[in-house]
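Have a look at the structure below before the remarks.
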Amino acid sequence: MNRLKQSPGFVIEEMDDEILLYRPSTHKAIHLNGTAAAIWKLCDGTRTAQDLVDCLIAEYPSAQSSVSHEVQEAIDLLLRDGALVEHSSG
């Protein structure tokens with residue numbers, strides 16, 4: 001199963017619970033709301049998408065019904081925008 005890792009080369013600016021990622025080499029900026037910021041921070045190369053879901057359900061049990069969808073949506077966007085990369089665990 002693929003693990004998720006933050007892409008290198010971004011300058012990180014944290015504002016309250018949100019994050020602005022800026023990659024100087026491409027002049028690309030990505031704004032992460034609180035949920036996406038929490039997901040991005042958890043992507044340290046040791047966790048799969050399911051691990052992220054499990055972490056957030058443990059942290060926010062009342063949001064259990066929407067967590068899986070929100071995590072997958074955030075991962076898809078972060079991968080598309082180049083803020084995350086996948087690598088195989090095996």
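Within each chain, counting starts at residue 1; across the structure tokens, chains are named A, B, ... in the order shown, with ligands numbered 1 upward in that order.
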
Residues within 12 Å of range 51-60 of chain A, only C-alpha atoms, excluding chain neighbours under 4 positions, as a ChimeraX atom specification: /A:1-5,35-36,38-47,64-75

Go ahead and write the selection's residues with N, CA and C atoms as a JSON list (two decimals), in the first residue's frame.
[["chain", "number", "residue", "atom", "x", "y", "z"],
["A", 1, "MET", "N", 0.85, -1.18, 0.00],
["A", 1, "MET", "CA", 0.00, 0.00, 0.00],
["A", 1, "MET", "C", 0.90, 1.24, 0.00],
["A", 2, "ASN", "N", 0.51, 2.24, -0.76],
["A", 2, "ASN", "CA", 1.33, 3.44, -0.89],
["A", 2, "ASN", "C", 1.23, 4.35, 0.33],
["A", 3, "ARG", "N", 2.36, 4.85, 0.70],
["A", 3, "ARG", "CA", 2.43, 5.80, 1.81],
["A", 3, "ARG", "C", 2.58, 7.20, 1.23],
["A", 4, "LEU", "N", 2.12, 8.18, 1.98],
["A", 4, "LEU", "CA", 2.08, 9.56, 1.50],
["A", 4, "LEU", "C", 3.12, 10.40, 2.21],
["A", 5, "LYS", "N", 3.79, 11.25, 1.43],
["A", 5, "LYS", "CA", 4.87, 12.06, 1.96],
["A", 5, "LYS", "C", 4.77, 13.48, 1.38],
["A", 35, "THR", "N", -8.70, 21.41, 7.67],
["A", 35, "THR", "CA", -8.75, 19.96, 7.46],
["A", 35, "THR", "C", -7.60, 19.50, 6.57],
["A", 36, "ALA", "N", -7.42, 20.18, 5.44],
["A", 36, "ALA", "CA", -6.34, 19.81, 4.53],
["A", 36, "ALA", "C", -4.97, 20.00, 5.18],
["A", 38, "ALA", "N", -4.28, 19.68, 8.40],
["A", 38, "ALA", "CA", -4.09, 18.57, 9.34],
["A", 38, "ALA", "C", -3.68, 17.30, 8.59],
["A", 39, "ILE", "N", -4.30, 17.05, 7.46],
["A", 39, "ILE", "CA", -3.97, 15.88, 6.65],
["A", 39, "ILE", "C", -2.55, 15.99, 6.12],
["A", 40, "TRP", "N", -2.18, 17.14, 5.57],
["A", 40, "TRP", "CA", -0.84, 17.35, 5.01],
["A", 40, "TRP", "C", 0.24, 17.15, 6.08],
["A", 41, "LYS", "N", -0.03, 17.66, 7.28],
["A", 41, "LYS", "CA", 0.95, 17.52, 8.37],
["A", 41, "LYS", "C", 1.18, 16.06, 8.74],
["A", 42, "LEU", "N", 0.15, 15.23, 8.62],
["A", 42, "LEU", "CA", 0.27, 13.81, 8.96],
["A", 42, "LEU", "C", 1.02, 13.00, 7.90],
["A", 43, "CYS", "N", 1.22, 13.58, 6.73],
["A", 43, "CYS", "CA", 1.86, 12.86, 5.63],
["A", 43, "CYS", "C", 3.38, 12.94, 5.77],
["A", 44, "ASP", "N", 3.91, 12.02, 6.57],
["A", 44, "ASP", "CA", 5.35, 12.01, 6.86],
["A", 44, "ASP", "C", 6.08, 10.85, 6.20],
["A", 45, "GLY", "N", 5.39, 10.16, 5.30],
["A", 45, "GLY", "CA", 6.00, 9.03, 4.62],
["A", 45, "GLY", "C", 5.78, 7.70, 5.31],
["A", 46, "THR", "N", 5.15, 7.71, 6.47],
["A", 46, "THR", "CA", 4.91, 6.47, 7.21],
["A", 46, "THR", "C", 3.44, 6.05, 7.16],
["A", 47, "ARG", "N", 2.57, 6.91, 6.66],
["A", 47, "ARG", "CA", 1.13, 6.65, 6.73],
["A", 47, "ARG", "C", 0.51, 6.47, 5.35],
["A", 64, "GLN", "N", -16.97, 11.13, 12.12],
["A", 64, "GLN", "CA", -16.61, 9.84, 11.53],
["A", 64, "GLN", "C", -17.26, 9.60, 10.17],
["A", 65, "SER", "N", -18.49, 10.01, 10.00],
["A", 65, "SER", "CA", -19.21, 9.72, 8.75],
["A", 65, "SER", "C", -18.63, 10.45, 7.55],
["A", 66, "SER", "N", -17.97, 11.58, 7.75],
["A", 66, "SER", "CA", -17.46, 12.35, 6.61],
["A", 66, "SER", "C", -15.94, 12.30, 6.46],
["A", 67, "VAL", "N", -15.24, 11.74, 7.44],
["A", 67, "VAL", "CA", -13.78, 11.79, 7.44],
["A", 67, "VAL", "C", -13.18, 11.09, 6.22],
["A", 68, "SER", "N", -13.63, 9.90, 5.91],
["A", 68, "SER", "CA", -13.04, 9.14, 4.81],
["A", 68, "SER", "C", -13.12, 9.91, 3.50],
["A", 69, "HIS", "N", -14.28, 10.46, 3.21],
["A", 69, "HIS", "CA", -14.46, 11.24, 1.98],
["A", 69, "HIS", "C", -13.57, 12.49, 1.98],
["A", 70, "GLU", "N", -13.53, 13.20, 3.10],
["A", 70, "GLU", "CA", -12.73, 14.43, 3.17],
["A", 70, "GLU", "C", -11.25, 14.14, 3.03],
["A", 71, "VAL", "N", -10.78, 13.07, 3.65],
["A", 71, "VAL", "CA", -9.37, 12.70, 3.54],
["A", 71, "VAL", "C", -9.03, 12.37, 2.09],
["A", 72, "GLN", "N", -9.83, 11.56, 1.44],
["A", 72, "GLN", "CA", -9.54, 11.18, 0.06],
["A", 72, "GLN", "C", -9.58, 12.39, -0.86],
["A", 73, "GLU", "N", -10.54, 13.27, -0.66],
["A", 73, "GLU", "CA", -10.63, 14.49, -1.47],
["A", 73, "GLU", "C", -9.38, 15.36, -1.29],
["A", 74, "ALA", "N", -8.94, 15.52, -0.05],
["A", 74, "ALA", "CA", -7.74, 16.33, 0.22],
["A", 74, "ALA", "C", -6.50, 15.69, -0.38],
["A", 75, "ILE", "N", -6.37, 14.37, -0.23],
["A", 75, "ILE", "CA", -5.21, 13.67, -0.80],
["A", 75, "ILE", "C", -5.18, 13.85, -2.31]]

Would you please give, as an MDAnalysis selection string, all residues of chain A that DSSP assigns to helix (DSSP H, G or I) based on the backbone? chainID A and resid 34:42 49:59 61:80

Residues just named, written with N, CA and C atoms as a compact mmCIF listing (two decimals), in the first residue's frame:
# COMPACT_ATOMS: atom_id res chain seq x y z
N GLY A 34 -8.12 24.20 7.35
CA GLY A 34 -7.75 23.47 8.55
C GLY A 34 -7.71 21.97 8.37
N THR A 35 -8.70 21.41 7.67
CA THR A 35 -8.75 19.96 7.46
C THR A 35 -7.60 19.50 6.57
N ALA A 36 -7.42 20.18 5.44
CA ALA A 36 -6.34 19.81 4.53
C ALA A 36 -4.97 20.00 5.18
N ALA A 37 -4.83 21.04 6.00
CA ALA A 37 -3.57 21.28 6.70
C ALA A 37 -3.27 20.14 7.67
N ALA A 38 -4.28 19.68 8.40
CA ALA A 38 -4.09 18.57 9.34
C ALA A 38 -3.68 17.30 8.59
N ILE A 39 -4.30 17.05 7.46
CA ILE A 39 -3.97 15.88 6.65
C ILE A 39 -2.55 15.99 6.12
N TRP A 40 -2.18 17.14 5.57
CA TRP A 40 -0.84 17.35 5.01
C TRP A 40 0.24 17.15 6.08
N LYS A 41 -0.03 17.66 7.28
CA LYS A 41 0.95 17.52 8.37
C LYS A 41 1.18 16.06 8.74
N LEU A 42 0.15 15.23 8.62
CA LEU A 42 0.27 13.81 8.96
C LEU A 42 1.02 13.00 7.90
N ALA A 49 -3.33 6.31 3.19
CA ALA A 49 -4.58 7.06 3.25
C ALA A 49 -5.47 6.52 4.38
N GLN A 50 -5.52 5.21 4.54
CA GLN A 50 -6.34 4.63 5.61
C GLN A 50 -5.81 5.01 6.99
N ASP A 51 -4.49 5.08 7.12
CA ASP A 51 -3.90 5.52 8.39
C ASP A 51 -4.34 6.94 8.72
N LEU A 52 -4.40 7.80 7.70
CA LEU A 52 -4.84 9.19 7.90
C LEU A 52 -6.29 9.23 8.36
N VAL A 53 -7.12 8.42 7.73
CA VAL A 53 -8.53 8.34 8.13
C VAL A 53 -8.63 7.91 9.59
N ASP A 54 -7.88 6.88 9.95
CA ASP A 54 -7.92 6.37 11.32
C ASP A 54 -7.47 7.43 12.33
N CYS A 55 -6.41 8.17 11.99
CA CYS A 55 -5.90 9.24 12.88
C CYS A 55 -6.97 10.31 13.11
N LEU A 56 -7.62 10.72 12.02
CA LEU A 56 -8.59 11.80 12.13
C LEU A 56 -9.88 11.35 12.81
N ILE A 57 -10.27 10.10 12.61
CA ILE A 57 -11.45 9.58 13.31
C ILE A 57 -11.17 9.54 14.81
N ALA A 58 -9.95 9.14 15.17
CA ALA A 58 -9.59 9.12 16.59
C ALA A 58 -9.60 10.53 17.19
N GLU A 59 -9.19 11.51 16.40
CA GLU A 59 -9.14 12.89 16.86
C GLU A 59 -10.51 13.55 16.86
N PRO A 61 -14.06 12.02 16.59
CA PRO A 61 -15.01 10.92 16.47
C PRO A 61 -16.41 11.34 16.01
N SER A 62 -16.81 12.56 16.30
CA SER A 62 -18.14 13.01 15.88
C SER A 62 -18.24 13.23 14.37
N ALA A 63 -17.10 13.32 13.69
CA ALA A 63 -17.10 13.55 12.24
C ALA A 63 -16.83 12.26 11.46
N GLN A 64 -16.97 11.13 12.12
CA GLN A 64 -16.61 9.84 11.53
C GLN A 64 -17.26 9.60 10.17
N SER A 65 -18.49 10.01 10.00
CA SER A 65 -19.21 9.72 8.75
C SER A 65 -18.63 10.45 7.55
N SER A 66 -17.97 11.58 7.75
CA SER A 66 -17.46 12.35 6.61
C SER A 66 -15.94 12.30 6.46
N VAL A 67 -15.24 11.74 7.44
CA VAL A 67 -13.78 11.79 7.44
C VAL A 67 -13.18 11.09 6.22
N SER A 68 -13.63 9.90 5.91
CA SER A 68 -13.04 9.14 4.81
C SER A 68 -13.12 9.91 3.50
N HIS A 69 -14.28 10.46 3.21
CA HIS A 69 -14.46 11.24 1.98
C HIS A 69 -13.57 12.49 1.98
N GLU A 70 -13.53 13.20 3.10
CA GLU A 70 -12.73 14.43 3.17
C GLU A 70 -11.25 14.14 3.03
N VAL A 71 -10.78 13.07 3.65
CA VAL A 71 -9.37 12.70 3.54
C VAL A 71 -9.03 12.37 2.09
N GLN A 72 -9.83 11.56 1.44
CA GLN A 72 -9.54 11.18 0.06
C GLN A 72 -9.58 12.39 -0.86
N GLU A 73 -10.54 13.27 -0.66
CA GLU A 73 -10.63 14.49 -1.47
C GLU A 73 -9.38 15.36 -1.29
N ALA A 74 -8.94 15.52 -0.05
CA ALA A 74 -7.74 16.33 0.22
C ALA A 74 -6.50 15.69 -0.38
N ILE A 75 -6.37 14.37 -0.23
CA ILE A 75 -5.21 13.67 -0.80
C ILE A 75 -5.18 13.85 -2.31
N ASP A 76 -6.32 13.67 -2.96
CA ASP A 76 -6.38 13.82 -4.42
C ASP A 76 -5.92 15.22 -4.85
N LEU A 77 -6.40 16.24 -4.16
CA LEU A 77 -6.01 17.61 -4.49
C LEU A 77 -4.53 17.86 -4.23
N LEU A 78 -4.02 17.37 -3.09
CA LEU A 78 -2.61 17.58 -2.74
C LEU A 78 -1.68 16.83 -3.70
N LEU A 79 -2.08 15.65 -4.13
CA LEU A 79 -1.29 14.93 -5.13
C LEU A 79 -1.31 15.67 -6.46
N ARG A 80 -2.48 16.11 -6.88
CA ARG A 80 -2.62 16.82 -8.15
C ARG A 80 -1.80 18.11 -8.17

List every residue of range 15-73 of chain A that DSSP, applied to the backbone, labels as strand (DSSP E), and write the result as a PyMOL selection string. chain A and resi 15+18-23+28-32+44-47

Gap from CA of Leu21 in chain A to CA of Glu86 in chain A - Å, one decimal: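 Going from CA of Leu21 in chain A over to CA of Glu86 in chain A, I get 18.1 Å.
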
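Relative to CA of Thr48 in chain A, CA of Pro24 in chain A is found at 27.8 Å.
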
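Nearest residue to Leu32 in chain A, choosing from A:Glu18, A:Asp81, A:Phe10, A:His87 and counting only C-alpha atoms: A:Glu18.
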
Atom pair CA of Pro8 in chain A / CA of Asn33 in chain A: separation (Å): 19.8 Å
